[in-house]
$ cat start_35.txt   # compact mmCIF, C-alpha atoms and all ligand atoms
# COMPACT_ATOMS: atom_id res chain seq x y z
CA MET Z 1 10.48 -1.48 -56.70
CA SER Z 2 7.66 0.94 -56.09
CA GLN Z 3 8.20 4.66 -55.51
CA ASN Z 4 7.24 4.71 -51.86
CA GLU Z 5 9.79 2.05 -51.02
CA MET Z 6 12.65 4.27 -52.16
CA ASN Z 7 12.68 6.23 -48.94
CA THR Z 8 14.09 3.34 -46.94
CA THR Z 9 17.31 3.17 -48.97
CA ASP Z 10 19.14 5.89 -47.07
CA ALA Z 11 18.88 4.00 -43.80
CA ASP Z 12 22.35 3.76 -42.33
CA GLU Z 13 21.68 1.12 -39.71
CA ASP Z 14 21.10 -2.54 -40.33
CA ASP Z 15 18.06 -2.39 -38.12
CA ALA Z 16 16.53 0.17 -40.45
CA LEU Z 17 16.44 -2.43 -43.19
CA VAL Z 18 12.68 -2.27 -43.11
CA SER Z 19 10.23 0.50 -42.42
CA PRO Z 20 7.63 0.06 -39.68
CA GLN Z 21 4.50 -1.57 -40.98
CA PRO Z 22 1.77 1.03 -41.40
CA GLY Z 23 -1.10 0.14 -39.14
CA ALA Z 24 0.83 -2.69 -37.49
CA VAL Z 25 -0.65 -3.80 -34.22
CA VAL Z 26 1.50 -2.60 -31.36
CA ASP Z 27 1.64 -5.36 -28.84
CA ASP Z 28 3.42 -4.56 -25.61
CA ASP Z 29 2.74 -8.03 -24.29
CA SER Z 30 4.33 -9.77 -27.22
CA THR Z 31 6.72 -11.75 -25.01
CA ASP Z 32 3.79 -13.17 -23.11
CA THR Z 33 2.77 -16.24 -25.04
CA ALA Z 34 -0.80 -15.78 -23.83
CA GLY Z 35 -0.89 -12.20 -25.21
CA PRO Z 36 -2.11 -11.09 -28.60
CA GLU Z 37 -0.06 -11.97 -31.63
CA THR Z 38 1.82 -9.59 -33.90
CA THR Z 39 2.71 -10.81 -37.37
CA LEU Z 40 6.44 -10.60 -37.99
CA VAL Z 41 6.86 -12.63 -41.18
CA GLU Z 42 4.17 -12.98 -43.79
CA ALA Z 43 3.94 -14.78 -47.12
CA ARG Z 44 1.32 -13.73 -49.65
CA ASP Z 45 0.66 -15.89 -52.65
CA LEU Z 46 4.24 -17.11 -52.56
CA ASP Z 47 5.44 -19.41 -55.34
CA VAL Z 48 8.92 -20.84 -55.68
CA PHE Z 49 10.24 -22.58 -58.77
CA TYR Z 50 13.46 -24.48 -59.36
CA GLY Z 51 13.75 -24.16 -63.10
CA GLU Z 52 10.48 -25.55 -64.41
CA GLU Z 53 9.59 -27.39 -61.21
CA GLN Z 54 7.30 -25.66 -58.76
CA ALA Z 55 8.29 -26.23 -55.11
CA LEU Z 56 5.84 -23.87 -53.37
CA ASP Z 57 2.36 -23.06 -54.63
CA SER Z 58 0.46 -19.94 -53.49
CA VAL Z 59 1.55 -20.02 -49.87
CA ASP Z 60 -0.18 -17.56 -47.55
CA ILE Z 61 0.93 -17.48 -43.94
CA GLU Z 62 1.31 -15.02 -41.07
CA ILE Z 63 4.05 -15.99 -38.64
CA PRO Z 64 3.68 -14.38 -35.21
CA GLU Z 65 6.43 -12.67 -33.26
CA ASN Z 66 7.86 -14.31 -30.13
CA ARG Z 67 6.27 -17.63 -30.91
CA VAL Z 68 7.58 -20.95 -32.11
CA THR Z 69 6.08 -21.91 -35.46
CA ALA Z 70 6.62 -25.47 -36.68
CA MET Z 71 6.59 -26.52 -40.32
CA ILE Z 72 5.71 -30.15 -40.90
CA GLY Z 73 4.93 -32.28 -43.93
CA PRO Z 74 6.29 -35.11 -46.04
CA SER Z 75 9.69 -35.04 -47.69
CA GLY Z 76 9.88 -32.78 -50.74
CA CYS Z 77 6.80 -30.69 -49.89
CA GLY Z 78 8.82 -27.48 -49.72
CA LYS Z 79 9.51 -26.88 -46.02
CA SER Z 80 13.19 -26.06 -46.45
CA THR Z 81 12.38 -24.02 -49.53
CA PHE Z 82 9.95 -21.93 -47.51
CA LEU Z 83 12.44 -21.44 -44.70
CA ARG Z 84 15.10 -20.33 -47.17
CA CYS Z 85 12.72 -17.76 -48.68
CA ILE Z 86 12.47 -15.94 -45.39
CA ASN Z 87 16.11 -14.87 -45.28
CA ARG Z 88 16.72 -15.14 -49.01
CA MET Z 89 19.02 -18.14 -48.79
CA ASN Z 90 17.34 -19.27 -52.03
CA ASP Z 91 19.26 -16.43 -53.70
CA LEU Z 92 22.26 -18.73 -53.49
CA ILE Z 93 20.53 -21.34 -55.68
CA ASP Z 94 20.89 -20.30 -59.33
CA VAL Z 95 17.75 -21.99 -60.63
CA ALA Z 96 15.47 -20.79 -57.80
CA ARG Z 97 12.87 -18.16 -58.65
CA VAL Z 98 10.47 -16.57 -56.17
CA GLU Z 99 7.11 -14.98 -57.04
CA GLY Z 100 4.65 -13.29 -54.71
CA ASP Z 101 5.44 -11.48 -51.49
CA LEU Z 102 7.51 -12.40 -48.48
CA LEU Z 103 7.17 -9.65 -45.90
CA PHE Z 104 9.31 -9.09 -42.83
CA GLU Z 105 7.85 -6.38 -40.60
CA GLY Z 106 5.64 -5.48 -43.54
CA LYS Z 107 8.53 -4.96 -45.96
CA ASN Z 108 9.02 -7.24 -48.94
CA VAL Z 109 12.43 -8.85 -48.46
CA TYR Z 110 12.71 -9.29 -52.24
CA ASP Z 111 12.53 -5.56 -52.90
CA ASP Z 112 15.58 -4.22 -54.73
CA ASP Z 113 16.58 -2.02 -51.81
CA VAL Z 114 16.88 -4.88 -49.33
CA ASP Z 115 20.41 -5.98 -48.55
CA PRO Z 116 20.34 -9.78 -48.10
CA VAL Z 117 23.35 -9.66 -45.77
CA ALA Z 118 21.61 -7.17 -43.48
CA LEU Z 119 18.47 -9.27 -43.70
CA ARG Z 120 20.36 -12.39 -42.61
CA ARG Z 121 21.76 -10.51 -39.65
CA ARG Z 122 18.18 -10.12 -38.45
CA ILE Z 123 17.03 -13.55 -39.57
CA GLY Z 124 19.58 -16.19 -38.59
CA MET Z 125 19.60 -19.85 -39.51
CA VAL Z 126 20.54 -23.16 -37.91
CA PHE Z 127 20.88 -26.25 -40.10
CA GLN Z 128 20.25 -29.96 -39.73
CA GLN Z 129 23.90 -30.90 -39.44
CA PRO Z 130 25.75 -28.88 -36.82
CA ASN Z 131 28.31 -26.87 -38.78
CA PRO Z 132 30.73 -25.13 -36.41
CA PHE Z 133 33.65 -23.36 -38.05
CA PRO Z 134 37.06 -25.01 -37.57
CA LYS Z 135 37.82 -22.43 -34.91
CA SER Z 136 37.73 -22.23 -31.14
CA ILE Z 137 34.44 -22.28 -29.26
CA TYR Z 138 34.98 -18.60 -28.47
CA GLU Z 139 35.73 -17.61 -32.05
CA ASN Z 140 32.70 -19.50 -33.36
CA VAL Z 141 30.43 -17.37 -31.21
CA ALA Z 142 32.41 -14.15 -31.76
CA TYR Z 143 32.50 -14.61 -35.53
CA GLY Z 144 29.43 -12.60 -36.58
CA LEU Z 145 30.19 -9.85 -34.09
CA ARG Z 146 33.73 -9.51 -35.46
CA VAL Z 147 32.45 -9.41 -39.05
CA GLN Z 148 30.16 -6.57 -38.02
CA GLY Z 149 32.92 -4.78 -36.10
CA ARG Z 150 30.94 -5.06 -32.87
CA THR Z 151 33.91 -6.11 -30.75
CA GLU Z 152 33.32 -3.96 -27.68
CA ASN Z 153 32.66 -6.13 -24.59
CA LEU Z 154 33.20 -9.18 -26.78
CA ASP Z 155 33.89 -11.55 -23.87
CA GLU Z 156 30.62 -10.60 -22.25
CA LYS Z 157 28.66 -11.02 -25.46
CA VAL Z 158 30.18 -14.43 -26.12
CA GLU Z 159 29.40 -15.53 -22.57
CA GLN Z 160 25.82 -14.28 -22.82
CA ALA Z 161 25.21 -16.04 -26.14
CA LEU Z 162 26.59 -19.31 -24.73
CA LYS Z 163 24.37 -18.91 -21.67
CA ASN Z 164 21.33 -18.22 -23.83
CA ALA Z 165 22.15 -21.32 -25.84
CA ALA Z 166 22.37 -23.36 -22.62
CA LEU Z 167 25.97 -24.34 -23.36
CA TRP Z 168 27.96 -22.10 -21.02
CA ASP Z 169 28.13 -24.52 -18.11
CA GLU Z 170 29.62 -27.20 -20.34
CA VAL Z 171 32.27 -25.07 -22.05
CA GLU Z 172 33.25 -22.46 -19.48
CA GLY Z 173 37.00 -22.76 -18.96
CA ARG Z 174 37.67 -24.34 -22.35
CA LEU Z 175 36.61 -21.66 -24.77
CA ASP Z 176 39.94 -21.99 -26.59
CA GLU Z 177 39.24 -25.58 -27.60
CA SER Z 178 38.01 -26.30 -31.11
CA GLY Z 179 34.26 -26.17 -31.69
CA LEU Z 180 34.70 -29.36 -33.70
CA ASP Z 181 35.76 -31.28 -30.57
CA LEU Z 182 32.35 -30.86 -28.95
CA SER Z 183 29.66 -33.55 -29.09
CA GLY Z 184 26.99 -33.30 -31.80
CA GLY Z 185 24.43 -31.86 -29.40
CA GLN Z 186 26.94 -29.38 -28.03
CA GLN Z 187 27.96 -28.41 -31.56
CA GLN Z 188 24.33 -27.70 -32.41
CA ARG Z 189 23.96 -25.50 -29.32
CA LEU Z 190 27.22 -23.79 -30.34
CA CYS Z 191 25.65 -23.06 -33.74
CA ILE Z 192 22.59 -21.67 -31.98
CA ALA Z 193 24.90 -19.51 -29.80
CA ARG Z 194 26.62 -18.32 -32.99
CA ALA Z 195 23.23 -17.46 -34.51
CA ILE Z 196 21.97 -15.55 -31.48
CA ALA Z 197 25.24 -13.73 -30.70
CA VAL Z 198 24.46 -11.11 -33.33
CA ASP Z 199 21.04 -10.61 -31.74
CA PRO Z 200 18.69 -11.48 -34.61
CA ASP Z 201 14.91 -11.14 -34.49
CA VAL Z 202 14.13 -14.48 -36.09
CA ILE Z 203 15.88 -17.84 -35.90
CA LEU Z 204 15.12 -20.32 -38.66
CA MET Z 205 15.88 -23.94 -37.82
CA ASP Z 206 15.81 -26.71 -40.40
CA GLU Z 207 15.46 -30.02 -38.54
CA PRO Z 208 17.94 -28.87 -35.88
CA ALA Z 209 17.64 -32.01 -33.76
CA SER Z 210 17.28 -34.75 -36.35
CA ALA Z 211 20.98 -35.68 -36.20
CA LEU Z 212 21.01 -35.81 -32.39
CA ASP Z 213 20.39 -38.44 -29.74
CA PRO Z 214 17.33 -38.20 -27.45
CA VAL Z 215 19.18 -36.42 -24.62
CA ALA Z 216 20.66 -33.79 -26.92
CA THR Z 217 17.30 -33.48 -28.68
CA SER Z 218 15.55 -32.76 -25.43
CA GLN Z 219 18.17 -30.12 -24.56
CA ILE Z 220 17.56 -28.41 -27.90
CA GLU Z 221 13.80 -28.56 -27.31
CA ASP Z 222 14.17 -26.96 -23.87
CA LEU Z 223 16.35 -24.31 -25.42
CA ILE Z 224 13.80 -23.52 -28.14
CA ASP Z 225 11.19 -23.18 -25.44
CA ASP Z 226 13.31 -20.46 -23.79
CA LEU Z 227 14.22 -18.76 -27.07
CA ARG Z 228 10.66 -17.68 -27.77
CA GLU Z 229 10.95 -15.10 -25.01
CA GLU Z 230 13.40 -13.10 -27.06
CA TYR Z 231 13.13 -14.46 -30.57
CA THR Z 232 10.70 -15.63 -33.17
CA VAL Z 233 11.51 -19.22 -34.03
CA VAL Z 234 10.49 -21.02 -37.22
CA ILE Z 235 11.41 -24.69 -37.11
CA VAL Z 236 11.10 -27.48 -39.65
CA THR Z 237 10.74 -30.90 -38.08
CA HIS Z 238 9.85 -34.40 -39.20
CA ASN Z 239 9.04 -35.31 -35.65
CA MET Z 240 5.32 -34.76 -34.96
CA GLN Z 241 5.71 -35.16 -31.21
CA GLN Z 242 8.42 -32.54 -31.29
CA ALA Z 243 6.20 -30.12 -33.21
CA ALA Z 244 3.38 -30.77 -30.76
CA ARG Z 245 5.66 -30.30 -27.74
CA ILE Z 246 7.53 -27.16 -28.68
CA SER Z 247 5.46 -25.07 -31.06
CA ASP Z 248 2.66 -22.56 -30.61
CA LYS Z 249 1.64 -22.68 -34.26
CA THR Z 250 1.92 -25.45 -36.80
CA ALA Z 251 1.93 -25.20 -40.58
CA VAL Z 252 1.24 -28.40 -42.51
CA PHE Z 253 2.64 -28.55 -46.03
CA LEU Z 254 1.57 -31.38 -48.28
CA THR Z 255 2.62 -32.62 -51.69
CA GLY Z 256 2.71 -30.02 -54.43
CA GLY Z 257 4.21 -27.34 -52.20
CA ARG Z 258 0.85 -26.29 -50.79
CA LEU Z 259 0.33 -25.08 -47.27
CA VAL Z 260 -2.78 -27.06 -46.41
CA GLU Z 261 -3.44 -25.91 -42.86
CA PHE Z 262 -1.96 -23.40 -40.43
CA ASP Z 263 -3.31 -22.94 -36.95
CA ASP Z 264 -2.61 -23.20 -33.24
CA THR Z 265 -0.59 -26.35 -32.67
CA GLU Z 266 -3.21 -27.79 -30.34
CA LYS Z 267 -5.90 -27.36 -32.96
CA ILE Z 268 -3.78 -28.97 -35.69
CA PHE Z 269 -3.01 -32.01 -33.57
CA GLU Z 270 -6.36 -32.40 -31.85
CA ASN Z 271 -8.92 -31.29 -34.36
CA PRO Z 272 -7.55 -30.36 -37.80
CA GLU Z 273 -9.95 -29.00 -40.40
CA SER Z 274 -8.51 -30.99 -43.28
CA ASP Z 275 -8.88 -34.76 -43.58
CA ARG Z 276 -5.55 -34.88 -45.39
CA VAL Z 277 -3.88 -33.20 -42.43
CA GLU Z 278 -5.53 -35.62 -40.05
CA ASP Z 279 -4.35 -38.55 -42.17
CA TYR Z 280 -0.84 -37.14 -42.24
CA ILE Z 281 -0.49 -36.50 -38.52
CA THR Z 282 -2.01 -39.83 -37.59
CA GLY Z 283 0.55 -41.50 -39.86
CA LYS Z 284 -1.80 -42.75 -42.58
CA PHE Z 285 0.60 -41.39 -45.20
CA GLY Z 286 3.79 -39.39 -45.58
N1 LIG L 1 18.54 -26.71 -55.01
C1 LIG L 1 17.49 -27.29 -55.61
N2 LIG L 1 17.47 -27.42 -56.95
C2 LIG L 1 16.42 -28.00 -57.57
N3 LIG L 1 15.32 -28.46 -56.93
C3 LIG L 1 15.29 -28.35 -55.61
C4 LIG L 1 16.37 -27.76 -54.87
N4 LIG L 1 16.05 -27.80 -53.56
C5 LIG L 1 14.84 -28.38 -53.48
N5 LIG L 1 14.38 -28.71 -54.69
C6 LIG L 1 13.09 -29.37 -55.00
O1 LIG L 1 12.04 -28.63 -54.42
C7 LIG L 1 11.09 -29.46 -53.79
C8 LIG L 1 10.97 -29.08 -52.31
O2 LIG L 1 12.22 -29.37 -51.66
P1 LIG L 1 12.50 -28.99 -50.15
O3 LIG L 1 13.92 -29.31 -49.90
O4 LIG L 1 12.05 -27.63 -49.89
O5 LIG L 1 11.54 -30.03 -49.41
P2 LIG L 1 11.43 -30.39 -47.87
O6 LIG L 1 9.99 -30.33 -47.51
O7 LIG L 1 12.38 -29.57 -47.07
O8 LIG L 1 11.89 -31.93 -47.86
P3 LIG L 1 12.67 -32.77 -46.73
O9 LIG L 1 11.66 -33.05 -45.67
O10 LIG L 1 13.09 -34.01 -47.45
O11 LIG L 1 13.83 -31.94 -46.25
C9 LIG L 1 11.56 -30.88 -54.01
O12 LIG L 1 10.87 -31.40 -55.12
C10 LIG L 1 13.03 -30.73 -54.32
O13 LIG L 1 13.46 -31.73 -55.20
MG MG L 2 14.08 -30.02 -45.94

$ encode --input "start_35.txt" --output "structure tokens"
Amino acid sequence: MSQNEMNTTDADEDDALVSPQPGAVVDDDSTDTAGPETTLVEARDLDVFYGEEQALDSVDIEIPENRVTAMIGPSGCGKSTFLRCINRMNDLIDVARVEGDLLFEGKNVYDDDVDPVALRRRIGMVFQQPNPFPKSIYENVAYGLRVQGRTENLDEKVEQALKNAALWDEVEGRLDESGLDLSGGQQQRLCIARAIAVDPDVILMDEPASALDPVATSQIEDLIDDLREEYTVVIVTHNMQQAARISDKTAVFLTGGRLVEFDDTEKIFENPESDRVEDYITGKFG
């Protein structure tokens, strides 16, 4: 840890996890998708190894705030690994080793003074398989707030999170029922409600719709479209049409853990720079 990073350690609020980025562009229109972009998450020369095996190789990327960024690429190219770097979920994998910088609001999340639990409060995650807790619908959503002792106006907060996750209309009046009794698509929206209840800045989603039927998938896609107003979404998907439909930016990873191209989604799908990217998105390999 460098000397000038020491002065953030006495922060007593979770939100003070990181210091403001010197010289960061202040963008009052950041919720307007047509407005200028502000970088929220940035990787610089990021490598990840699992033991001897390298899973990410020199990844550089600037992920903009209040946008949906899609990560696509063939199986094993490191998409989930990259997602897990952002909120340090790779810490939970013994053999994983990260080199290079992963910045959140300009602060390296791997600095010694960063508390991974506080980081994950600001950067939530939704997984491929819906994983509600074996608790009531209400308690699933209230969980993170209870852990943080933020129980004032709990009913209101739970209701708001369920509304933001587009699930309220389907569960109002049966909040005491088990989250496990919901359909797969409802369970996934419950997990999204659980993730947004604690009011994070970023939501990471690893193939959130791949286990769902087309109707539930389209509900999740509509939801993601709304989420960008308040959150920064980074989503891994194997579904090219989905990436093209829902994302503002697309990152294409290819074999060897290299980020081959990152640009506006339209550009990636209509006129990519790299022939390998073109081959991949037109289905010639992968
Ligand atoms: N926990 C782990 N231990 C060891 N190696 C791992 C681990 N997780 C991933 N890897 C390896 O790292 C590489 C990248 O894996 P990762 O899961 O990030 O790929 P992915 O792009 O998400 O693939 P998929 O599309 O199949 O989900 C692969 O070679 C994989 O075998
Ligand atoms: Mg994966």

$ residues_near_ligand --input "start_35.txt" --ligand "ligand LIG 1 (chain L)" --cutoff "10 Å" --atoms "only C-alpha atoms and all ligand atoms" --output "NGL selection string"
:Z and (48-56 or 71-85 or 90 or 92-96 or 128 or 206-207 or 236-238 or 253-257)

$ residues_around --input "start_35.txt" --residues "Asp181 in chain Z" --least-positions-apart "6" --cutoff "10 Å" --atoms "all atoms listed in the file" --output "ChimeraX atom specification"
/Z:132,134,136-137,187

$ closest_residue --input "start_35.txt" --among "Z:Val260, Z:Ile235, Z:Leu102, Z:Ile268" --to "ligand MG 2 (chain L)" --atoms "all atoms listed in the file"
Z:Ile235

$ closest_residue --input "start_35.txt" --among "Z:Ile246, Z:Ala165, Z:Val252, Z:Met205" --to "ligand MG 2 (chain L)" --atoms "all atoms listed in the file"
Z:Met205

$ atom_distance --input "start_35.txt" --atom1 "CA of Asn131 in chain Z" --atom2 "CA of Leu180 in chain Z"
8.5 Å

$ residues_around --input "start_35.txt" --residues "Leu182 in chain Z" --least-positions-apart "4" --cutoff "12 Å" --atoms "only C-alpha atoms" --output "list in words"
Pro130, Asn131, Pro132, Phe133, Pro134, Lys135, Ser136, Ile137, Leu167, Glu170, Val171, Arg174, Leu175, Asp176, Glu177, Ser178, Gln186, Gln187, Gln188, Arg189, Leu190 and Cys191 of chain Z

$ build_atoms --input "start_35.txt" --residues "range 252-284 of chain Z" --atoms "N, CA and C atoms" --output "tab-separated table (two decimals), in the coordinates of the input"
chain	number	residue	atom	x	y	z
Z	252	VAL	N	1.12	-27.08	-41.88
Z	252	VAL	CA	1.24	-28.40	-42.51
Z	252	VAL	C	1.30	-28.21	-44.02
Z	253	PHE	N	2.46	-28.57	-44.59
Z	253	PHE	CA	2.64	-28.55	-46.03
Z	253	PHE	C	2.39	-29.96	-46.55
Z	254	LEU	N	1.73	-30.06	-47.68
Z	254	LEU	CA	1.57	-31.38	-48.28
Z	254	LEU	C	2.07	-31.34	-49.71
Z	255	THR	N	2.02	-32.48	-50.37
Z	255	THR	CA	2.62	-32.62	-51.69
Z	255	THR	C	2.14	-31.51	-52.63
Z	256	GLY	N	3.04	-31.08	-53.50
Z	256	GLY	CA	2.71	-30.02	-54.43
Z	256	GLY	C	3.09	-28.65	-53.90
Z	257	GLY	N	3.75	-28.62	-52.73
Z	257	GLY	CA	4.21	-27.34	-52.20
Z	257	GLY	C	3.08	-26.45	-51.73
Z	258	ARG	N	1.99	-27.08	-51.29
Z	258	ARG	CA	0.85	-26.29	-50.79
Z	258	ARG	C	0.82	-26.31	-49.27
Z	259	LEU	N	0.56	-25.15	-48.71
Z	259	LEU	CA	0.33	-25.08	-47.27
Z	259	LEU	C	-1.15	-25.42	-47.06
Z	260	VAL	N	-1.40	-26.57	-46.48
Z	260	VAL	CA	-2.78	-27.06	-46.41
Z	260	VAL	C	-3.49	-26.53	-45.18
Z	261	GLU	N	-2.77	-26.41	-44.07
Z	261	GLU	CA	-3.44	-25.91	-42.86
Z	261	GLU	C	-2.41	-25.24	-41.97
Z	262	PHE	N	-2.84	-24.14	-41.35
Z	262	PHE	CA	-1.96	-23.40	-40.43
Z	262	PHE	C	-2.82	-22.91	-39.29
Z	263	ASP	N	-2.45	-23.31	-38.08
Z	263	ASP	CA	-3.31	-22.94	-36.95
Z	263	ASP	C	-2.53	-23.13	-35.65
Z	264	ASP	N	-3.21	-22.89	-34.53
Z	264	ASP	CA	-2.61	-23.20	-33.24
Z	264	ASP	C	-2.24	-24.68	-33.24
Z	265	THR	N	-1.09	-24.97	-32.66
Z	265	THR	CA	-0.59	-26.35	-32.67
Z	265	THR	C	-1.61	-27.33	-32.07
Z	266	GLU	N	-2.22	-26.92	-30.98
Z	266	GLU	CA	-3.21	-27.79	-30.34
Z	266	GLU	C	-4.34	-28.17	-31.29
Z	267	LYS	N	-4.80	-27.15	-32.01
Z	267	LYS	CA	-5.90	-27.36	-32.96
Z	267	LYS	C	-5.47	-28.32	-34.07
Z	268	ILE	N	-4.26	-28.10	-34.60
Z	268	ILE	CA	-3.78	-28.97	-35.69
Z	268	ILE	C	-3.70	-30.42	-35.22
Z	269	PHE	N	-3.21	-30.63	-34.01
Z	269	PHE	CA	-3.01	-32.01	-33.57
Z	269	PHE	C	-4.26	-32.64	-32.97
Z	270	GLU	N	-5.18	-31.81	-32.49
Z	270	GLU	CA	-6.36	-32.40	-31.85
Z	270	GLU	C	-7.58	-32.41	-32.74
Z	271	ASN	N	-7.69	-31.39	-33.59
Z	271	ASN	CA	-8.92	-31.29	-34.36
Z	271	ASN	C	-8.69	-30.54	-35.68
Z	272	PRO	N	-7.85	-31.09	-36.56
Z	272	PRO	CA	-7.55	-30.36	-37.80
Z	272	PRO	C	-8.78	-30.26	-38.70
Z	273	GLU	N	-8.82	-29.19	-39.48
Z	273	GLU	CA	-9.95	-29.00	-40.40
Z	273	GLU	C	-9.89	-29.99	-41.56
Z	274	SER	N	-8.66	-30.22	-42.04
Z	274	SER	CA	-8.51	-30.99	-43.28
Z	274	SER	C	-8.32	-32.48	-42.99
Z	275	ASP	N	-9.04	-33.30	-43.73
Z	275	ASP	CA	-8.88	-34.76	-43.58
Z	275	ASP	C	-7.47	-35.20	-43.96
Z	276	ARG	N	-6.90	-34.51	-44.96
Z	276	ARG	CA	-5.55	-34.88	-45.39
Z	276	ARG	C	-4.55	-34.60	-44.27
Z	277	VAL	N	-4.76	-33.51	-43.55
Z	277	VAL	CA	-3.88	-33.20	-42.43
Z	277	VAL	C	-4.04	-34.25	-41.34
Z	278	GLU	N	-5.28	-34.60	-41.07
Z	278	GLU	CA	-5.53	-35.62	-40.05
Z	278	GLU	C	-4.85	-36.94	-40.44
Z	279	ASP	N	-5.00	-37.33	-41.71
Z	279	ASP	CA	-4.35	-38.55	-42.17
Z	279	ASP	C	-2.83	-38.46	-42.01
Z	280	TYR	N	-2.29	-37.29	-42.32
Z	280	TYR	CA	-0.84	-37.14	-42.24
Z	280	TYR	C	-0.37	-37.22	-40.78
Z	281	ILE	N	-1.02	-36.50	-39.89
Z	281	ILE	CA	-0.49	-36.50	-38.52
Z	281	ILE	C	-0.80	-37.78	-37.77
Z	282	THR	N	-1.77	-38.54	-38.24
Z	282	THR	CA	-2.01	-39.83	-37.59
Z	282	THR	C	-1.22	-40.94	-38.29
Z	283	GLY	N	-0.39	-40.54	-39.26
Z	283	GLY	CA	0.55	-41.50	-39.86
Z	283	GLY	C	-0.04	-42.36	-40.96
Z	284	LYS	N	-1.20	-41.93	-41.51
Z	284	LYS	CA	-1.80	-42.75	-42.58
Z	284	LYS	C	-1.04	-42.61	-43.89
